[in-house]
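Reproduced below: run.pdb, with PDB, C-alpha atoms.
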```
ATOM      1  CA  MET A   1     109.026  91.936 145.767
ATOM      2  CA  PRO A   2     108.148  88.317 144.920
ATOM      3  CA  GLY A   3     108.623  85.485 147.385
ATOM      4  CA  PRO A   4     111.458  82.938 147.326
ATOM      5  CA  LYS A   5     111.762  80.498 144.422
ATOM      6  CA  ASP A   6     112.887  77.436 146.372
ATOM      7  CA  SER A   7     110.290  77.263 149.149
ATOM      8  CA  LEU A   8     107.046  78.675 150.485
ATOM      9  CA  LEU A   9     107.331  81.701 152.762
ATOM     10  CA  GLN A  10     105.224  80.940 155.830
ATOM     11  CA  CYS A  11     102.881  83.659 157.058
ATOM     12  CA  PHE A  12      99.619  83.834 158.989
ATOM     13  CA  ILE A  13      96.536  86.055 159.109
ATOM     14  CA  LYS A  14      94.654  87.116 162.235
ATOM     15  CA  ARG A  15      91.035  88.245 161.896
ATOM     16  CA  ASN A  16      89.309  90.717 164.205
ATOM     17  CA  ARG A  17      85.582  90.173 163.697
ATOM     18  CA  SER A  18      84.448  93.201 165.689
ATOM     19  CA  THR A  19      86.437  95.690 163.594
ATOM     20  CA  GLN A  20      86.394  93.686 160.324
ATOM     21  CA  THR A  21      90.178  93.963 160.230
ATOM     22  CA  TYR A  22      92.757  91.430 159.041
ATOM     23  CA  TYR A  23      96.444  91.392 159.989
ATOM     24  CA  LEU A  24      99.213  89.642 158.033
ATOM     25  CA  TYR A  25     102.328  88.442 159.867
ATOM     26  CA  LEU A  26     105.521  86.812 158.682
ATOM     27  CA  GLY A  27     106.410  83.634 160.548
ATOM     28  CA  LEU A  28     109.933  83.947 161.902
ATOM     29  CA  THR A  29     110.065  80.568 163.664
ATOM     30  CA  ASN A  30     108.245  77.235 163.562
ATOM     31  CA  SER A  31     106.114  78.471 166.461
ATOM     32  CA  ALA A  32     105.632  81.919 164.929
ATOM     33  CA  ILE A  33     101.843  81.902 165.388
ATOM     34  CA  SER A  34     102.194  81.663 169.162
ATOM     35  CA  ASP A  35     105.226  83.993 169.166
ATOM     36  CA  GLY A  36     103.401  86.726 167.270
ATOM     37  CA  GLY A  37     105.520  86.930 164.119
ATOM     38  CA  LYS A  38     106.533  90.105 162.271
ATOM     39  CA  PHE A  39     103.755  92.453 161.121
ATOM     40  CA  LEU A  40     103.599  92.983 157.346
ATOM     41  CA  LEU A  41     100.203  94.346 156.252
ATOM     42  CA  ALA A  42      96.693  95.048 157.505
ATOM     43  CA  ALA A  43      93.329  95.284 155.741
ATOM     44  CA  ARG A  44      89.945  96.652 156.769
ATOM     45  CA  LYS A  45      86.652  95.630 155.212
ATOM     46  CA  CYS A  46      84.381  98.454 154.039
ATOM     47  CA  ARG A  47      80.888  97.563 152.808
ATOM     48  CA  ARG A  48      79.368  99.811 150.165
ATOM     49  CA  PRO A  49      75.925  99.734 148.473
ATOM     50  CA  THR A  50      77.122  97.939 145.338
ATOM     51  CA  CYS A  51      80.455  96.388 146.342
ATOM     52  CA  THR A  52      82.872  95.622 149.165
ATOM     53  CA  ASP A  53      86.333  97.149 149.559
ATOM     54  CA  TYR A  54      89.274  95.843 151.555
ATOM     55  CA  ILE A  55      91.668  98.738 152.170
ATOM     56  CA  ILE A  56      95.224  97.392 152.565
ATOM     57  CA  SER A  57      97.718  99.375 154.626
ATOM     58  CA  LEU A  58     101.354  99.241 155.697
ATOM     59  CA  GLN A  59     100.246 100.248 159.200
ATOM     60  CA  ALA A  60      98.055  98.268 161.582
ATOM     61  CA  GLU A  61      95.641 101.085 162.433
ATOM     62  CA  ASP A  62      95.838 103.632 159.585
ATOM     63  CA  PHE A  63      93.540 102.824 156.649
ATOM     64  CA  SER A  64      93.282 106.269 155.077
ATOM     65  CA  LYS A  65      93.822 106.470 151.313
ATOM     66  CA  GLY A  66      95.294 109.925 151.729
ATOM     67  CA  THR A  67      98.439 108.813 153.556
ATOM     68  CA  ASN A  68     101.696 107.184 152.498
ATOM     69  CA  THR A  69     100.731 104.001 154.365
ATOM     70  CA  TYR A  70      98.083 103.155 151.744
ATOM     71  CA  ALA A  71      99.264 100.056 149.843
ATOM     72  CA  GLY A  72      96.207  99.273 147.719
ATOM     73  CA  ARG A  73      92.784  97.681 147.890
ATOM     74  CA  LEU A  74      90.664  94.705 146.921
ATOM     75  CA  ARG A  75      87.203  95.407 145.473
ATOM     76  CA  SER A  76      84.423  92.873 144.930
ATOM     77  CA  ASN A  77      81.315  93.022 142.808
ATOM     78  CA  PHE A  78      77.849  92.989 144.375
ATOM     79  CA  LEU A  79      77.640  89.160 144.486
ATOM     80  CA  GLY A  80      81.162  88.729 145.812
ATOM     81  CA  THR A  81      82.095  86.485 142.878
ATOM     82  CA  LYS A  82      84.555  88.772 141.075
ATOM     83  CA  PHE A  83      87.361  90.823 142.579
ATOM     84  CA  THR A  84      89.965  93.290 141.365
ATOM     85  CA  VAL A  85      93.251  93.901 143.172
ATOM     86  CA  PHE A  86      94.476  97.505 142.915
ATOM     87  CA  ASP A  87      98.020  98.540 143.732
ATOM     88  CA  GLY A  88      98.601 102.054 145.044
ATOM     89  CA  GLN A  89     101.614 102.484 142.784
ATOM     90  CA  SER A  90     102.496 101.792 139.178
ATOM     91  CA  PRO A  91     104.258  98.567 138.117
ATOM     92  CA  GLN A  92     107.293 100.569 136.976
ATOM     93  CA  ALA A  93     107.615 102.226 140.373
ATOM     94  CA  GLY A  94     107.312  98.880 142.134
ATOM     95  CA  ALA A  95     110.030  97.390 139.939
ATOM     96  CA  LYS A  96     112.463 100.134 140.882
ATOM     97  CA  MET A  97     111.881  99.882 144.624
ATOM     98  CA  GLY A  98     114.269  98.399 147.100
ATOM     99  CA  LYS A  99     113.243  95.722 149.572
ATOM    100  CA  SER A 100     113.230  98.041 152.584
ATOM    101  CA  ARG A 101     110.063  99.401 154.144
ATOM    102  CA  SER A 102     111.461 102.952 154.028
ATOM    103  CA  SER A 103     111.992 102.693 150.253
ATOM    104  CA  ARG A 104     108.345 101.734 149.703
ATOM    105  CA  LEU A 105     107.102 104.535 151.921
ATOM    106  CA  ALA A 106     109.269 107.064 150.102
ATOM    107  CA  ASN A 107     108.043 105.821 146.739
ATOM    108  CA  LEU A 108     104.365 105.936 147.742
ATOM    109  CA  ARG A 109     104.700 109.656 148.485
ATOM    110  CA  GLN A 110     105.307 110.223 144.775
ATOM    111  CA  VAL A 111     102.021 108.572 143.767
ATOM    112  CA  SER A 112      98.594 110.141 144.106
ATOM    113  CA  PRO A 113      96.613 108.249 146.802
ATOM    114  CA  SER A 114      93.563 108.412 144.514
ATOM    115  CA  SER A 115      95.381 106.425 141.801
ATOM    116  CA  ASN A 116      94.784 102.690 141.664
ATOM    117  CA  TYR A 117      96.543 100.327 139.281
ATOM    118  CA  PRO A 118      94.705  97.050 138.471
ATOM    119  CA  MET A 119      97.193  94.233 139.007
ATOM    120  CA  ALA A 120      95.012  91.126 139.356
ATOM    121  CA  HIS A 121      91.483  89.848 138.729
ATOM    122  CA  ILE A 122      89.975  87.057 140.843
ATOM    123  CA  SER A 123      86.829  85.172 139.899
ATOM    124  CA  TYR A 124      84.855  82.439 141.654
ATOM    125  CA  GLU A 125      82.861  80.000 139.565
ATOM    126  CA  LEU A 126      79.111  80.067 140.147
ATOM    127  CA  ASN A 127      77.654  76.824 141.495
ATOM    128  CA  LEU A 128      74.210  77.068 139.902
ATOM    129  CA  LEU A 129      73.469  73.350 140.246
ATOM    130  CA  GLY A 130      74.433  73.180 143.916
ATOM    131  CA  SER A 131      76.919  70.355 143.325
ATOM    132  CA  ARG A 132      79.167  69.283 146.192
ATOM    133  CA  GLY A 133      82.782  70.326 146.190
ATOM    134  CA  PRO A 134      85.201  73.133 147.088
ATOM    135  CA  ARG A 135      85.044  76.619 145.651
ATOM    136  CA  ARG A 136      86.597  77.058 142.236
ATOM    137  CA  MET A 137      88.623  80.207 141.685
ATOM    138  CA  GLN A 138      90.876  81.725 139.054
ATOM    139  CA  CYS A 139      93.361  84.567 139.439
ATOM    140  CA  ASN A 140      94.594  86.537 136.439
ATOM    141  CA  MET A 141      97.863  88.169 137.490
ATOM    142  CA  ASN A 142      98.026  91.017 134.975
ATOM    143  CA  THR A 143     101.478  92.299 135.923
ATOM    144  CA  ILE A 144     103.197  88.885 136.057
ATOM    145  CA  PRO A 145     104.085  87.199 132.731
ATOM    146  CA  ALA A 146     103.249  83.512 132.434
ATOM    147  CA  THR A 147     106.850  82.884 131.386
ATOM    148  CA  SER A 148     108.112  83.967 134.827
ATOM    149  CA  ILE A 149     107.603  80.435 136.209
ATOM    150  CA  ALA A 150     109.490  78.736 133.376
ATOM    151  CA  PRO A 151     113.169  77.836 133.794
ATOM    152  CA  GLY A 152     115.142  81.002 133.130
ATOM    153  CA  GLY A 153     111.948  83.049 133.030
ATOM    154  CA  LEU A 154     112.039  86.819 133.448
ATOM    155  CA  ASP A 155     111.559  88.098 136.991
ATOM    156  CA  PRO A 156     108.154  89.883 137.262
ATOM    157  CA  THR A 157     109.762  93.039 138.719
ATOM    158  CA  THR A 158     112.119  93.225 135.740
ATOM    159  CA  GLN A 159     109.240  92.575 133.329
ATOM    160  CA  ALA A 160     107.200  95.380 134.888
ATOM    161  CA  GLU A 161     110.081  97.796 134.434
ATOM    162  CA  LEU A 162     110.702  96.846 130.798
ATOM    163  CA  ASN A 163     107.127  96.358 129.549
ATOM    164  CA  PRO A 164     104.374  96.825 132.150
ATOM    165  CA  TYR A 165     100.979  95.291 131.385
ATOM    166  CA  GLN A 166      99.111  98.104 133.075
ATOM    167  CA  SER A 167     100.560 101.555 133.613
ATOM    168  CA  THR A 168      97.483 103.803 133.691
ATOM    169  CA  PRO A 169      95.693 104.377 137.019
ATOM    170  CA  THR A 170      91.946 103.777 137.031
ATOM    171  CA  SER A 171      91.324 107.280 138.337
ATOM    172  CA  PHE A 172      92.391 108.524 134.880
ATOM    173  CA  LEU A 173      90.302 106.002 132.905
ATOM    174  CA  SER A 174      86.617 105.855 132.068
ATOM    175  CA  LYS A 175      84.725 102.786 133.300
ATOM    176  CA  SER A 176      84.538 101.293 129.804
ATOM    177  CA  ALA A 177      88.248 101.917 129.136
ATOM    178  CA  SER A 178      89.179 100.280 132.438
ATOM    179  CA  MET A 179      87.116  97.174 131.561
ATOM    180  CA  GLU A 180      88.710  97.000 128.104
ATOM    181  CA  ASN A 181      92.188  97.185 129.620
ATOM    182  CA  SER A 182      91.262  94.390 132.024
ATOM    183  CA  VAL A 183      90.215  92.077 129.192
ATOM    184  CA  SER A 184      93.306  93.020 127.198
ATOM    185  CA  ASP A 185      95.589  92.207 130.132
ATOM    186  CA  GLN A 186      94.123  88.724 130.509
ATOM    187  CA  LYS A 187      94.930  87.991 126.843
ATOM    188  CA  ASN A 188      98.429  89.477 127.012
ATOM    189  CA  GLY A 189     100.303  86.489 128.398
ATOM    190  CA  GLY A 190      99.728  87.151 132.089
ATOM    191  CA  LEU A 191     100.091  84.388 134.673
ATOM    192  CA  VAL A 192      96.853  82.571 135.538
ATOM    193  CA  LEU A 193      96.480  80.799 138.892
ATOM    194  CA  ILE A 194      93.849  78.111 139.474
ATOM    195  CA  ASN A 195      92.780  75.786 142.287
ATOM    196  CA  LYS A 196      94.763  72.634 142.748
ATOM    197  CA  ALA A 197      92.236  69.845 142.316
ATOM    198  CA  PRO A 198      91.391  68.140 145.641
ATOM    199  CA  ARG A 199      90.687  64.428 145.996
ATOM    200  CA  TRP A 200      87.608  62.868 147.554
ATOM    201  CA  HIS A 201      88.376  60.850 150.702
ATOM    202  CA  GLU A 202      85.880  57.996 150.971
ATOM    203  CA  GLN A 203      86.517  57.242 154.634
ATOM    204  CA  LEU A 204      86.343  60.854 155.770
ATOM    205  CA  GLN A 205      83.638  61.736 153.235
ATOM    206  CA  CYS A 206      85.221  65.060 152.370
ATOM    207  CA  TRP A 207      87.454  66.786 149.844
ATOM    208  CA  CYS A 208      91.137  66.715 150.827
ATOM    209  CA  LEU A 209      94.297  68.639 149.980
ATOM    210  CA  ASN A 210      97.749  68.008 151.442
ATOM    211  CA  PHE A 211      98.797  71.156 153.302
ATOM    212  CA  HIS A 212     101.733  69.357 154.968
ATOM    213  CA  GLY A 213     100.502  70.168 158.459
ATOM    214  CA  ARG A 214      99.973  73.897 157.845
ATOM    215  CA  VAL A 215      96.140  73.660 157.931
ATOM    216  CA  THR A 216      94.285  71.878 160.729
ATOM    217  CA  ILE A 217      90.589  72.815 160.344
ATOM    218  CA  ALA A 218      88.362  71.901 157.400
ATOM    219  CA  SER A 219      86.858  74.987 155.780
ATOM    220  CA  VAL A 220      85.405  76.050 152.446
ATOM    221  CA  LYS A 221      87.926  78.909 152.610
ATOM    222  CA  ASN A 222      90.941  76.587 152.350
ATOM    223  CA  PHE A 223      92.678  76.520 148.960
ATOM    224  CA  GLN A 224      95.918  75.880 147.087
ATOM    225  CA  LEU A 225      96.781  77.712 143.868
ATOM    226  CA  VAL A 226      99.020  76.515 141.049
ATOM    227  CA  ALA A 227      99.898  78.010 137.665
ATOM    228  CA  SER A 228      97.515  77.109 134.870
ATOM    229  CA  PRO A 229      99.161  75.652 131.749
ATOM    230  CA  GLU A 230      96.385  77.222 129.660
ATOM    231  CA  ASN A 231      96.725  75.741 126.158
ATOM    232  CA  GLU A 232     100.236  74.374 126.682
ATOM    233  CA  PRO A 233     101.356  70.970 128.038
ATOM    234  CA  ALA A 234     101.659  70.962 131.837
ATOM    235  CA  GLY A 235     105.224  70.856 133.167
ATOM    236  CA  PRO A 236     106.812  70.529 136.634
ATOM    237  CA  GLU A 237     106.414  74.275 137.155
ATOM    238  CA  HIS A 238     102.618  73.814 137.044
ATOM    239  CA  GLU A 239     102.706  71.375 139.975
ATOM    240  CA  LYS A 240     104.324  73.774 142.448
ATOM    241  CA  ILE A 241     102.059  75.383 145.033
ATOM    242  CA  ILE A 242     102.362  79.150 144.562
ATOM    243  CA  LEU A 243      99.876  80.107 147.290
ATOM    244  CA  GLN A 244      98.079  78.125 149.968
ATOM    245  CA  PHE A 245      95.646  79.386 152.577
ATOM    246  CA  GLY A 246      93.834  77.559 155.343
ATOM    247  CA  LYS A 247      92.208  77.678 158.742
ATOM    248  CA  VAL A 248      94.007  76.771 161.984
ATOM    249  CA  GLY A 249      91.776  78.547 164.532
ATOM    250  CA  LYS A 250      88.491  80.417 164.903
ATOM    251  CA  ASP A 251      90.069  83.629 163.603
ATOM    252  CA  LEU A 252      93.509  82.382 162.625
ATOM    253  CA  PHE A 253      94.678  81.315 159.169
ATOM    254  CA  THR A 254      97.974  80.352 157.567
ATOM    255  CA  MET A 255      99.108  81.922 154.301
ATOM    256  CA  ASP A 256     102.142  80.500 152.508
ATOM    257  CA  TYR A 257     103.357  81.930 149.197
ATOM    258  CA  ARG A 258     106.312  81.803 146.846
ATOM    259  CA  TYR A 259     107.726  83.325 143.677
ATOM    260  CA  PRO A 260     106.472  84.904 141.449
ATOM    261  CA  ILE A 261     103.802  86.608 143.617
ATOM    262  CA  SER A 262     104.428  89.089 146.432
ATOM    263  CA  ALA A 263     103.089  89.262 149.974
ATOM    264  CA  PHE A 264     100.689  92.037 148.926
ATOM    265  CA  GLN A 265      99.280  89.984 146.043
ATOM    266  CA  ALA A 266      99.003  86.838 148.182
ATOM    267  CA  PHE A 267      97.265  88.754 150.994
ATOM    268  CA  ALA A 268      94.745  90.314 148.588
ATOM    269  CA  ILE A 269      93.882  86.926 147.064
ATOM    270  CA  CYS A 270      93.364  85.421 150.526
ATOM    271  CA  LEU A 271      91.127  88.328 151.555
ATOM    272  CA  SER A 272      88.756  87.414 148.725
ATOM    273  CA  SER A 273      88.206  84.033 150.391
ATOM    274  CA  PHE A 274      86.652  85.692 153.447
ATOM    275  CA  GLU A 275      83.658  86.936 151.464
ATOM    276  CA  THR A 276      80.490  84.846 151.872
ATOM    277  CA  ARG A 277      79.190  83.834 148.441
ATOM    278  CA  ILE A 278      76.234  81.436 148.632
ATOM    279  CA  ALA A 279      76.055  81.217 144.832
ATOM    280  CA  CYS A 280      79.530  79.609 144.724
ATOM    281  CA  GLU A 281      79.107  77.014 147.451
TER     282      GLU A 281
END
```

Please re-express this file's structure in C-alpha cells.
Amino acid sequence: MPGPKDSLLQCFIKRNRSTQTYYLYLGLTNSAISDGGKFLLAARKCRRPTCTDYIISLQAEDFSKGTNTYAGRLRSNFLGTKFTVFDGQSPQAGAKMGKSRSSRLANLRQVSPSSNYPMAHISYELNLLGSRGPRRMQCNMNTIPATSIAPGGLDPTTQAELNPYQSTPTSFLSKSASMENSVSDQKNGGLVLINKAPRWHEQLQCWCLNFHGRVTIASVKNFQLVASPENEPAGPEHEKIILQFGKVGKDLFTMDYRYPISAFQAFAICLSSFETRIACE
C-alpha cells in the first residue's frame, strides 16, 4: 500500500555489516530510533559473479525464496549502476490485498516463489569526467502511473488492478522479452523519480539539501527524490519530496516516504544507495 498523501512517513534502516543485512523499522514516536520502532522488512545482500542481489523478506531472519515470507528482491548489474526491483507478487494481486500483514502472507502463498515481477528500474548516471557533486539517480516506477501525483489522480493500487503495466513474471519470459517489456514500461506513462537538485554552500564548501533535521551526517548516500515533470511544465506536485534517505549514525539511516510509493518500493530504492560505485562518484 502507498504511503500517506499529506506527510512523509518516518522510518529508519539499521545496517549489520557482518551479516550484510538491512532492517527497516517504522518510527512510532519522535524518538523512535532510540525506542526501536516497529519492524517492517529486512534485506540481505548476496554477491554473485555478475551481479548483486538484495533479498527482501517480511521476516528478520528468513531470506529463503521458497517461503511465504519472500517479498521480492533488488538486483544490480555488474557495475552497480543499474538496478531492477522485483516484486514477489503480481500488481493485480497487490491491488486486491488488504493492509494487514496476514493478508499479504496469505496472498504470497498463491504466487510461485520463483516468479518475479519487475516493478521499478533504478539507474545512476556515470561520472566519466570525475566532476564534483552528488550522485545522480533516476527511478522508473513501472507500476505507478505518472498521473497518480496529479490532483484527483488515480491511486496506483487501483491502476494496477484495472490496467497493470507489468503482469508477466520474469521466470516465464526470455531475457530479450524481459528487456523489451522494461523499455515498454518506461514509455507507458509510468512515474519517474529524480534527485532533487542540491545547492552549493560556499561557507561549508559542500552540496546541501534541507532534510529538516532528519539527516545529521554528510554522505554521498544521502538523497531526496521528487517526481520528474518529463516534457510537461513543472507543478506543485513536482516539488514534494516523495522519498528521502540519509545517514544519522555509522550504521543507521533515516528513510521517509509518502504517496504514491510503498514501504517496499522505498526500501528497495534506498538499498541501491548502499552499493559502492566508483564510476558514479

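Atom CA of Gln10 of chain A sits 6.4 Å away from atom CA of Met255 of chain A.
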
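If you apply the PyMOL selection byres ((chain A and resi 137-151) around 6) to this structure, you end up with A:Met119, A:Ala120, A:His121, A:Ile122, A:Ser123, A:Tyr124, A:Arg136, A:Gly152, A:Gly153, A:Leu154, A:Asp155, A:Pro156, A:Tyr165, A:Asp185, A:Gly189, A:Gly190, A:Leu191, A:Val192, A:Leu193, A:Ile194.
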
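Atom to atom, atom CA of Asn222 of chain A and atom CA of Ser273 of chain A stand 8.2 Å apart.
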
Is it possible to get the residues within 7 Å of (104.2, 92.3, 148.5) (coordinates as in the file, counting all atoms listed in the file) written as a short mmCIF file (atom, residue, chain, number, x, y, z; two decimals) with C-alpha atoms, keeping the file's coordinate frame?
```cif
data_model
loop_
_atom_site.label_atom_id
_atom_site.label_comp_id
_atom_site.auth_asym_id
_atom_site.auth_seq_id
_atom_site.Cartn_x
_atom_site.Cartn_y
_atom_site.Cartn_z
CA MET A 1 109.03 91.94 145.77
CA PRO A 2 108.15 88.32 144.92
CA SER A 262 104.43 89.09 146.43
CA ALA A 263 103.09 89.26 149.97
CA PHE A 264 100.69 92.04 148.93
CA GLN A 265 99.28 89.98 146.04
#
```

Output of the PyMOL selection byres ((chain A and resi 72) around 9), listed as number ranges by chain:
A: 54-57, 65, 70-71, 73-74, 85-89, 116-117, 264

Between atom CA of Thr254 of chain A and atom CA of Gly3 of chain A, what is the distance, to one decimal in Å?
15.6 Å

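Minimum atom-to-atom distance to Gly27 of chain A, evaluated using only C-alpha atoms, belongs to A:Arg214 out of A:Phe274, A:Gly66, A:Asn77, A:Arg214.
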